[in-house]
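For reference, the structure discussed in these notes is given below.
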Amino acid sequence: MERKRSEKEIEEDLAAQEPLKGQDGEKKAVGLQRELGLLAAVNIIIGVMIGSGIFVSPTAALKYSGSVGMCLVVWAVCGVISLIGALCFAELGTVVPRSGAEYAYLLESFGRLHKFWGPLPAFICAWIYVVVLRPAEIAVIMLTFAEYSIQPLRDVLGLSRMSTEDEELFVKLIAFLGLGVITYINMVSVKLYVSINNIFGFCKVIACLIVIGGGIYELAIGNTKNLTSGFQGTTTNPGFIALAFYNGLWAYDGWSSVTTVTEEIKAPEKNILRSIVIAVPIITGLYVFMNMAYMTVLSADEMMTAPAVAVAFGDRVLGPFSFIIPLGVALATFGCALSIQFGVTRLCFVAGREGHMLKPLSYIHVRRFTPGPAVAMQGIIAFLFMLVGNIGELIEFASFLIWFFYGCATAALLIMRKTHAHVHRPYKVPLILPFITLAVSVFLSVMPMIADPSLKYLFAVGFILSGVAVYAPFVYYKKRPKIMGKFTFLTQVLFEVVPSESESAD
């Protein structure tokens, strides 16, 4: 009778599996591989920054700025501010060459200041991003993807004959299928992710250029009525101007995404900065000219009342080819969700490696070199958020914290100018730029609470405190439930994963 193998023997068998070989024939170390070149890095930024917002509801900046001219100024300035913040993160990526972006920078700068309180900001950052914010964003984005992907096929699918409840169920099923696809892609292969994300990145840029081309055509035939008002009606209310910039900057969020995957970027000391300098100005140009196109074709009232601005634009300008717009939204949202999940799983990986998340989240597939458990967990949490239904409020309460963490990371840059003065910096941002980013971060963290005082911000504080309640026993005091040994073993067998070799060396 065959003897039952022990857990240790199975783990050793997993670790002994033949890994993939590099182009030089040498075996690759088990861990994240540097497979993302400059083009892939550019498309990661484009993938996260261009979602559904610029197609569906880019109207808040127009509403609060009060005029066409001021609105375009807001979009352009928001692009410049985003570039400034991204340049600060480019330096941080050379000082702390690890994946995780804000989490890694907070851990490096504050982690050694106090045994208990030092690592806490980094843990709270990971706690909010991993458990709530990013999976909730993915859930909402995939629901938007499902809604727009079926629009060109409504008659073929017979959706017009369905009840509202049946149609909503059908949309959810498509969203579940889309979530399964992006989770599969990110679990199977980084190269597969890169190939698909590059394709979707090009497609969504083309969709943006189609909108811009439609606007140029309308201007060429003399449709300038909506633009002739210029700065007429510009608001003089500082609060409204602040809200215009606030909403514009949210549309640009995602400029830090390339620093979340630093450990997989080829020549990160060069390509992080290059990808930022290429991608952010491209997106700024697309956003400014897309808004100009919208405002050429649609009046301010039409833009405010349209359920989806780009769809209304397409119906007016593209005629029988108007299906391109919902198709473009579907491509943009799918690529955006794919890249957000790719990035947050790397944050899971780094936090697990540091002991701030479950240890198996830092384990790597022995042949595919992907963090399978982290990808699966993000897929499951996003699935649960989809089941909950309306989670818009949930995202709102957590989203204002994003710029808070950007501000903390910028403060970390200023701190490490002193504490890590000896570290070689291939690129060093002018000192004025971190102070600009810090000021914007403070403004965007405080403005929502001033403009719209709400109990949801107390809920945000409560969630942060819940993070402290998890941090104290399980991270600081390292309490480990007895079941964790079995859970880790089951995870290794199910996903064929082992600790990365760099982690094993530690």
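We name chains A, B, ... following the order of the structure tokens; residues begin at 1 in each chain, and ligands are numbered from 1 as shown.
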
What's the 12 Å shell around Pro326 of chain A, counting only C-alpha atoms, without same-chain residues fewer than 2 positions away, as a CSV table (one decimal) with N, CA, C and O atoms, in the first residue's frame?
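Dumped everything to part-v8.csv:
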```csv
chain,number,residue,atom,x,y,z
A,52,SER,N,-13.7,54.4,-18.3
A,52,SER,CA,-15.0,54.8,-18.9
A,52,SER,C,-15.2,56.3,-18.7
A,52,SER,O,-16.0,56.9,-19.4
A,55,PHE,N,-15.3,58.9,-21.5
A,55,PHE,CA,-16.4,58.6,-22.5
A,55,PHE,C,-17.8,58.8,-22.0
A,55,PHE,O,-18.7,59.3,-22.7
A,56,VAL,N,-18.0,58.5,-20.7
A,56,VAL,CA,-19.3,58.5,-20.1
A,56,VAL,C,-19.7,59.8,-19.4
A,56,VAL,O,-20.7,60.4,-19.7
A,144,THR,N,-19.7,48.3,-15.9
A,144,THR,CA,-19.7,49.2,-17.0
A,144,THR,C,-19.3,48.6,-18.3
A,144,THR,O,-20.0,48.8,-19.4
A,145,PHE,N,-18.3,47.7,-18.3
A,145,PHE,CA,-17.9,47.0,-19.5
A,145,PHE,C,-19.0,46.1,-20.0
A,145,PHE,O,-19.3,46.1,-21.2
A,146,ALA,N,-19.7,45.4,-19.1
A,146,ALA,CA,-20.8,44.6,-19.6
A,146,ALA,C,-21.9,45.4,-20.2
A,146,ALA,O,-22.5,45.0,-21.2
A,147,GLU,N,-22.3,46.5,-19.6
A,147,GLU,CA,-23.4,47.3,-20.1
A,147,GLU,C,-23.1,47.9,-21.5
A,147,GLU,O,-24.0,47.8,-22.4
A,148,TYR,N,-21.9,48.3,-21.7
A,148,TYR,CA,-21.6,48.9,-23.0
A,148,TYR,C,-21.2,47.9,-24.1
A,148,TYR,O,-21.3,48.1,-25.3
A,149,SER,N,-20.7,46.7,-23.7
A,149,SER,CA,-20.3,45.7,-24.6
A,149,SER,C,-21.5,45.1,-25.3
A,149,SER,O,-21.4,44.6,-26.5
A,150,ILE,N,-22.7,45.1,-24.6
A,150,ILE,CA,-23.9,44.5,-25.2
A,150,ILE,C,-24.7,45.6,-26.0
A,150,ILE,O,-25.7,45.2,-26.7
A,151,GLN,N,-24.4,46.9,-25.8
A,151,GLN,CA,-25.2,47.9,-26.5
A,151,GLN,C,-25.3,47.7,-28.0
A,151,GLN,O,-26.4,47.8,-28.6
A,152,PRO,N,-24.2,47.5,-28.7
A,152,PRO,CA,-24.4,47.3,-30.2
A,152,PRO,C,-25.2,46.1,-30.6
A,152,PRO,O,-25.6,45.9,-31.7
A,153,LEU,N,-25.4,45.1,-29.6
A,153,LEU,CA,-26.0,43.9,-29.9
A,153,LEU,C,-27.4,43.7,-29.2
A,153,LEU,O,-27.9,42.6,-29.1
A,154,ARG,N,-28.0,44.9,-28.8
A,154,ARG,CA,-29.2,44.8,-28.1
A,154,ARG,C,-30.3,44.1,-28.9
A,154,ARG,O,-31.1,43.3,-28.3
A,204,LYS,N,-8.0,51.6,-27.4
A,204,LYS,CA,-8.7,52.7,-26.7
A,204,LYS,C,-8.2,54.1,-27.1
A,204,LYS,O,-8.9,55.1,-27.2
A,207,ALA,N,-10.0,54.8,-30.3
A,207,ALA,CA,-11.3,55.3,-30.0
A,207,ALA,C,-11.3,56.7,-29.6
A,207,ALA,O,-12.2,57.5,-30.0
A,208,CYS,N,-10.3,57.1,-28.8
A,208,CYS,CA,-10.2,58.6,-28.4
A,208,CYS,C,-10.0,59.4,-29.7
A,208,CYS,O,-10.6,60.5,-29.8
A,211,VAL,N,-13.1,60.1,-31.7
A,211,VAL,CA,-13.9,61.2,-31.1
A,211,VAL,C,-13.2,62.6,-31.5
A,211,VAL,O,-13.9,63.5,-31.9
A,308,ALA,N,-24.5,59.2,-21.4
A,308,ALA,CA,-23.1,59.0,-21.7
A,308,ALA,C,-22.8,60.0,-22.8
A,308,ALA,O,-23.3,59.9,-23.9
A,309,VAL,N,-21.9,60.9,-22.5
A,309,VAL,CA,-21.6,62.0,-23.4
A,309,VAL,C,-21.0,61.5,-24.7
A,309,VAL,O,-21.4,62.0,-25.8
A,310,ALA,N,-20.1,60.5,-24.7
A,310,ALA,CA,-19.5,60.1,-26.0
A,310,ALA,C,-20.5,59.4,-26.9
A,310,ALA,O,-20.5,59.5,-28.1
A,311,VAL,N,-21.5,58.7,-26.2
A,311,VAL,CA,-22.5,58.0,-27.0
A,311,VAL,C,-23.4,59.1,-27.7
A,311,VAL,O,-23.8,58.9,-28.9
A,312,ALA,N,-23.8,60.1,-27.0
A,312,ALA,CA,-24.6,61.2,-27.6
A,312,ALA,C,-23.8,61.9,-28.7
A,312,ALA,O,-24.3,62.2,-29.7
A,313,PHE,N,-22.5,62.0,-28.5
A,313,PHE,CA,-21.6,62.6,-29.5
A,313,PHE,C,-21.6,61.7,-30.7
A,313,PHE,O,-21.7,62.2,-31.9
A,314,GLY,N,-21.5,60.4,-30.5
A,314,GLY,CA,-21.4,59.4,-31.6
A,314,GLY,C,-22.7,59.4,-32.4
A,314,GLY,O,-22.7,59.4,-33.7
A,315,ASP,N,-23.8,59.5,-31.7
A,315,ASP,CA,-25.1,59.5,-32.4
A,315,ASP,C,-25.3,60.7,-33.3
A,315,ASP,O,-25.9,60.6,-34.4
A,321,PHE,N,-22.0,54.5,-37.9
A,321,PHE,CA,-20.8,54.0,-37.3
A,321,PHE,C,-20.8,54.4,-35.8
A,321,PHE,O,-19.8,54.3,-35.1
A,322,SER,N,-21.9,54.8,-35.2
A,322,SER,CA,-22.0,55.2,-33.8
A,322,SER,C,-21.7,54.1,-32.9
A,322,SER,O,-21.4,54.3,-31.7
A,323,PHE,N,-21.8,52.8,-33.4
A,323,PHE,CA,-21.6,51.7,-32.5
A,323,PHE,C,-20.1,51.6,-32.1
A,323,PHE,O,-19.7,51.0,-31.1
A,324,ILE,N,-19.2,52.4,-32.8
A,324,ILE,CA,-17.8,52.4,-32.4
A,324,ILE,C,-17.6,53.0,-31.0
A,324,ILE,O,-16.7,52.5,-30.2
A,328,GLY,N,-15.8,51.3,-28.0
A,328,GLY,CA,-14.6,51.9,-27.4
A,328,GLY,C,-14.7,51.9,-25.9
A,328,GLY,O,-13.7,51.7,-25.2
A,329,VAL,N,-15.9,52.2,-25.3
A,329,VAL,CA,-16.1,52.2,-23.9
A,329,VAL,C,-15.8,50.8,-23.3
A,329,VAL,O,-15.1,50.6,-22.3
A,330,ALA,N,-16.3,49.8,-24.0
A,330,ALA,CA,-16.1,48.4,-23.6
A,330,ALA,C,-14.6,48.0,-23.6
A,330,ALA,O,-14.1,47.4,-22.6
A,331,LEU,N,-13.9,48.4,-24.7
A,331,LEU,CA,-12.5,48.2,-24.7
A,331,LEU,C,-11.7,48.9,-23.6
A,331,LEU,O,-10.8,48.3,-23.0
A,332,ALA,N,-12.1,50.2,-23.4
A,332,ALA,CA,-11.4,51.0,-22.4
A,332,ALA,C,-11.6,50.4,-21.0
A,332,ALA,O,-10.7,50.3,-20.2
A,333,THR,N,-12.9,50.0,-20.7
A,333,THR,CA,-13.1,49.5,-19.3
A,333,THR,C,-12.5,48.1,-19.1
A,333,THR,O,-12.0,47.8,-18.0
```

> Can you list, as a ChimeraX atom specification, every protein, DNA or RNA residue that comes within 8 Å of segment 460-466 of chain A when you count only C-alpha atoms, leaving out same-chain residues fewer than 2 positions away?
Replying inline: /A:124,128,397-398,456-458,468-470

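With only C-alpha atoms as the atoms that count, the minimum distance from Val280 of chain A to the choices A:Ala421, A:Leu298, A:Val258, A:Val130 is reached by A:Val258.
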
>> With only C-alpha atoms as the counted atoms, please give the residues lying no more than 9 Å from Met304 of chain A, apart from itself and same-chain residues fewer than 6 positions off, as a list in words.
In response: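 Residues near the query, excluding close chain neighbours: Ser57, Thr59, Ala60, Leu62 and Lys63 of chain A.
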
>> Excluding segment 162-178 of chain A and its own-chain neighbours fewer than 3 positions away, which residues fall within 8 Å of it when counting only C-alpha atoms? Please give them as a PyMOL selection string.
In response: chain A and resi 142-143+145-147+158-159+181-182+334+383+386

Could you give me, as a compact mmCIF listing (two decimals) with all heavy atoms, in the first residue's frame, the residues within 10 Å of Trp250 of chain A, counting only C-alpha atoms and dropping anything in the same chain fewer than 5 positions from it?
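The new file part-v2.txt reads:
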```txt
# COMPACT_ATOMS: atom_id res chain seq x y z
N MET A 49 -5.32 54.77 -16.64
CA MET A 49 -5.81 56.15 -16.67
C MET A 49 -7.04 56.31 -17.57
O MET A 49 -7.96 57.05 -17.24
CB MET A 49 -4.70 57.11 -17.12
CG MET A 49 -3.62 57.30 -16.08
SD MET A 49 -2.37 58.54 -16.55
CE MET A 49 -3.27 60.07 -16.36
N GLY A 53 -14.57 56.96 -17.72
CA GLY A 53 -14.93 58.32 -17.32
C GLY A 53 -14.90 59.33 -18.45
O GLY A 53 -15.84 60.11 -18.62
N CYS A 78 -4.85 70.00 -14.99
CA CYS A 78 -4.91 68.72 -14.28
C CYS A 78 -3.91 67.73 -14.87
O CYS A 78 -3.29 66.95 -14.13
CB CYS A 78 -6.32 68.13 -14.36
SG CYS A 78 -7.53 68.95 -13.30
N SER A 82 -0.82 66.07 -12.79
CA SER A 82 -0.63 64.62 -12.80
C SER A 82 0.79 64.26 -13.22
O SER A 82 1.42 63.35 -12.65
CB SER A 82 -1.64 63.95 -13.73
OG SER A 82 -2.96 64.19 -13.31
N PHE A 245 -11.32 71.34 -10.47
CA PHE A 245 -10.00 70.69 -10.48
C PHE A 245 -10.06 69.33 -9.78
O PHE A 245 -9.41 68.38 -10.21
CB PHE A 245 -8.97 71.59 -9.80
CG PHE A 245 -8.43 72.66 -10.70
CD1 PHE A 245 -8.90 73.96 -10.62
CD2 PHE A 245 -7.47 72.36 -11.65
CE1 PHE A 245 -8.42 74.95 -11.46
CE2 PHE A 245 -6.97 73.35 -12.50
CZ PHE A 245 -7.45 74.65 -12.40
N SER A 399 -12.15 56.59 -2.02
CA SER A 399 -11.38 57.23 -3.08
C SER A 399 -10.66 58.48 -2.62
O SER A 399 -9.55 58.78 -3.10
CB SER A 399 -12.29 57.57 -4.27
OG SER A 399 -12.72 56.40 -4.92
N PHE A 400 -11.28 59.24 -1.71
CA PHE A 400 -10.61 60.47 -1.28
C PHE A 400 -9.30 60.17 -0.55
O PHE A 400 -8.43 61.03 -0.43
CB PHE A 400 -11.55 61.32 -0.41
CG PHE A 400 -11.58 60.95 1.03
CD1 PHE A 400 -10.83 61.66 1.96
CD2 PHE A 400 -12.34 59.88 1.50
CE1 PHE A 400 -10.86 61.34 3.31
CE2 PHE A 400 -12.38 59.56 2.83
CZ PHE A 400 -11.63 60.28 3.73
N ILE A 402 -7.05 58.12 -1.68
CA ILE A 402 -5.98 57.88 -2.65
C ILE A 402 -4.98 59.04 -2.64
O ILE A 402 -3.77 58.84 -2.55
CB ILE A 402 -6.55 57.68 -4.06
CG1 ILE A 402 -7.33 56.37 -4.15
CG2 ILE A 402 -5.43 57.69 -5.10
CD1 ILE A 402 -8.00 56.14 -5.49
N TRP A 403 -5.51 60.27 -2.73
CA TRP A 403 -4.61 61.42 -2.73
C TRP A 403 -3.96 61.65 -1.37
O TRP A 403 -2.88 62.23 -1.29
CB TRP A 403 -5.34 62.67 -3.23
CG TRP A 403 -5.26 62.80 -4.71
CD1 TRP A 403 -6.16 62.34 -5.62
CD2 TRP A 403 -4.21 63.40 -5.47
NE1 TRP A 403 -5.74 62.61 -6.90
CE2 TRP A 403 -4.55 63.27 -6.83
CE3 TRP A 403 -3.02 64.04 -5.13
CZ2 TRP A 403 -3.74 63.75 -7.85
CZ3 TRP A 403 -2.22 64.52 -6.15
CH2 TRP A 403 -2.57 64.38 -7.49
N LEU A 444 -6.93 67.83 -2.07
CA LEU A 444 -7.86 66.80 -2.53
C LEU A 444 -8.29 65.86 -1.42
O LEU A 444 -9.32 65.19 -1.53
CB LEU A 444 -7.24 66.00 -3.67
CG LEU A 444 -7.08 66.75 -4.99
CD1 LEU A 444 -6.44 65.87 -6.04
CD2 LEU A 444 -8.43 67.25 -5.49
```

> Contacts of Thr370 of chain A at 10 Å or less, counting only C-alpha atoms, minus same-chain residues fewer than 4 places along, as a ChimeraX atom specification?
Replying inline: /A:30-33,186-190,345-346,349,362-366,374-375,497

>> Can you pull out the residues contacting Phe385 of chain A? Cut-off 7 Å, using only C-alpha atoms, and skip same-chain residues under 3 positions away; I want them as a VMD selection string.
In response: chain A and resid 136 139 381 to 382 388 to 389

> Which is closer to Tyr246 of chain A than all the others in A:Val42, A:Val446, A:Val317, A:Ala472, using only C-alpha atoms?
Replying inline: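 Comparing A:Val42, A:Val446, A:Val317, A:Ala472 against Tyr246 of chain A, the winner is A:Val446.
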
>> Let's see if you can do this: from backbone DSSP, list all alpha helix (DSSP H) residues in segment 144-303 of chain A, as a PyMOL selection string.
In response: chain A and resi 144-149+154-157+164-188+190-220+238-251+268-297+300-303

>> For a quick check of understanding, using only C-alpha atoms, which of A:Ser65, A:Tyr476, A:Arg34, A:Val73 has the smallest distance to His114 of chain A?
In response: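 With only C-alpha atoms as the atom set, the closest residue is A:Tyr476.
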
>> Please report the interatomic distance between atom CA of Pro426 of chain A and atom CA of Glu269 of chain A in Å with one decimal.
In response: 6.5 Å

> In Å to one decimal, how far is atom CA of Thr437 of chain A from atom CA of Pro281 of chain A?
Replying inline: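 Atom CA of Thr437 of chain A lies 17.1 Å from atom CA of Pro281 of chain A.
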
>> Which of segment 192-419 of chain A end up as strand (DSSP E or B) when DSSP is run on this backbone - answer as a list in words?
In response: Ile265, Tyr363, Ile364 and His365 of chain A

Since we have the selection now, will you write its residues out, keeping all heavy atoms, as a PDB file, in the first residue's frame?
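Now in selection.pdb:
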```
ATOM      1  N   ILE A 265       9.597  45.663 -14.349  1.00  0.00           N
ATOM      2  CA  ILE A 265       9.970  46.574 -15.434  1.00  0.00           C
ATOM      3  C   ILE A 265      11.430  46.333 -15.812  1.00  0.00           C
ATOM      4  O   ILE A 265      12.307  46.287 -14.946  1.00  0.00           O
ATOM      5  CB  ILE A 265       9.797  48.043 -15.003  1.00  0.00           C
ATOM      6  CG1 ILE A 265       8.356  48.315 -14.588  1.00  0.00           C
ATOM      7  CG2 ILE A 265      10.240  48.981 -16.115  1.00  0.00           C
ATOM      8  CD1 ILE A 265       7.370  48.342 -15.701  1.00  0.00           C
ATOM      9  N   TYR A 363       3.401  34.105  -2.655  1.00  0.00           N
ATOM     10  CA  TYR A 363       3.945  32.918  -3.308  1.00  0.00           C
ATOM     11  C   TYR A 363       3.776  33.018  -4.826  1.00  0.00           C
ATOM     12  O   TYR A 363       2.816  33.598  -5.324  1.00  0.00           O
ATOM     13  CB  TYR A 363       3.257  31.661  -2.791  1.00  0.00           C
ATOM     14  CG  TYR A 363       3.651  31.280  -1.369  1.00  0.00           C
ATOM     15  CD1 TYR A 363       4.492  32.081  -0.607  1.00  0.00           C
ATOM     16  CD2 TYR A 363       3.172  30.113  -0.793  1.00  0.00           C
ATOM     17  CE1 TYR A 363       4.849  31.745   0.680  1.00  0.00           C
ATOM     18  CE2 TYR A 363       3.517  29.757   0.505  1.00  0.00           C
ATOM     19  CZ  TYR A 363       4.354  30.583   1.239  1.00  0.00           C
ATOM     20  OH  TYR A 363       4.701  30.239   2.523  1.00  0.00           O
ATOM     21  N   ILE A 364       4.721  32.415  -5.544  1.00  0.00           N
ATOM     22  CA  ILE A 364       4.807  32.523  -7.000  1.00  0.00           C
ATOM     23  C   ILE A 364       4.659  31.142  -7.629  1.00  0.00           C
ATOM     24  O   ILE A 364       5.184  30.162  -7.114  1.00  0.00           O
ATOM     25  CB  ILE A 364       6.172  33.137  -7.407  1.00  0.00           C
ATOM     26  CG1 ILE A 364       6.318  34.548  -6.836  1.00  0.00           C
ATOM     27  CG2 ILE A 364       6.339  33.146  -8.921  1.00  0.00           C
ATOM     28  CD1 ILE A 364       5.390  35.560  -7.441  1.00  0.00           C
ATOM     29  N   HIS A 365       3.939  31.085  -8.751  1.00  0.00           N
ATOM     30  CA  HIS A 365       3.799  29.819  -9.471  1.00  0.00           C
ATOM     31  C   HIS A 365       5.170  29.345  -9.942  1.00  0.00           C
ATOM     32  O   HIS A 365       5.976  30.138 -10.441  1.00  0.00           O
ATOM     33  CB  HIS A 365       2.864  29.997 -10.672  1.00  0.00           C
ATOM     34  CG  HIS A 365       2.408  28.700 -11.266  1.00  0.00           C
ATOM     35  ND1 HIS A 365       3.194  27.955 -12.112  1.00  0.00           N
ATOM     36  CD2 HIS A 365       1.234  28.004 -11.132  1.00  0.00           C
ATOM     37  CE1 HIS A 365       2.539  26.867 -12.485  1.00  0.00           C
ATOM     38  NE2 HIS A 365       1.351  26.874 -11.899  1.00  0.00           N
TER      39      HIS A 365
END
```

> Which distance in Å separates atom CA of Gly372 of chain A and atom CA of Phe495 of chain A, to one decimal?
Replying inline: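 About the pair atom CA of Gly372 of chain A and atom CA of Phe495 of chain A: they are 6.3 Å apart.
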
>> I need the residue nearest Lys428 of chain A from this list: A:Leu87, A:Ile138, A:Ala244, A:Met416. Use only C-alpha atoms for the distance.
In response: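 Under the stated criterion, the closest residue is A:Leu87.
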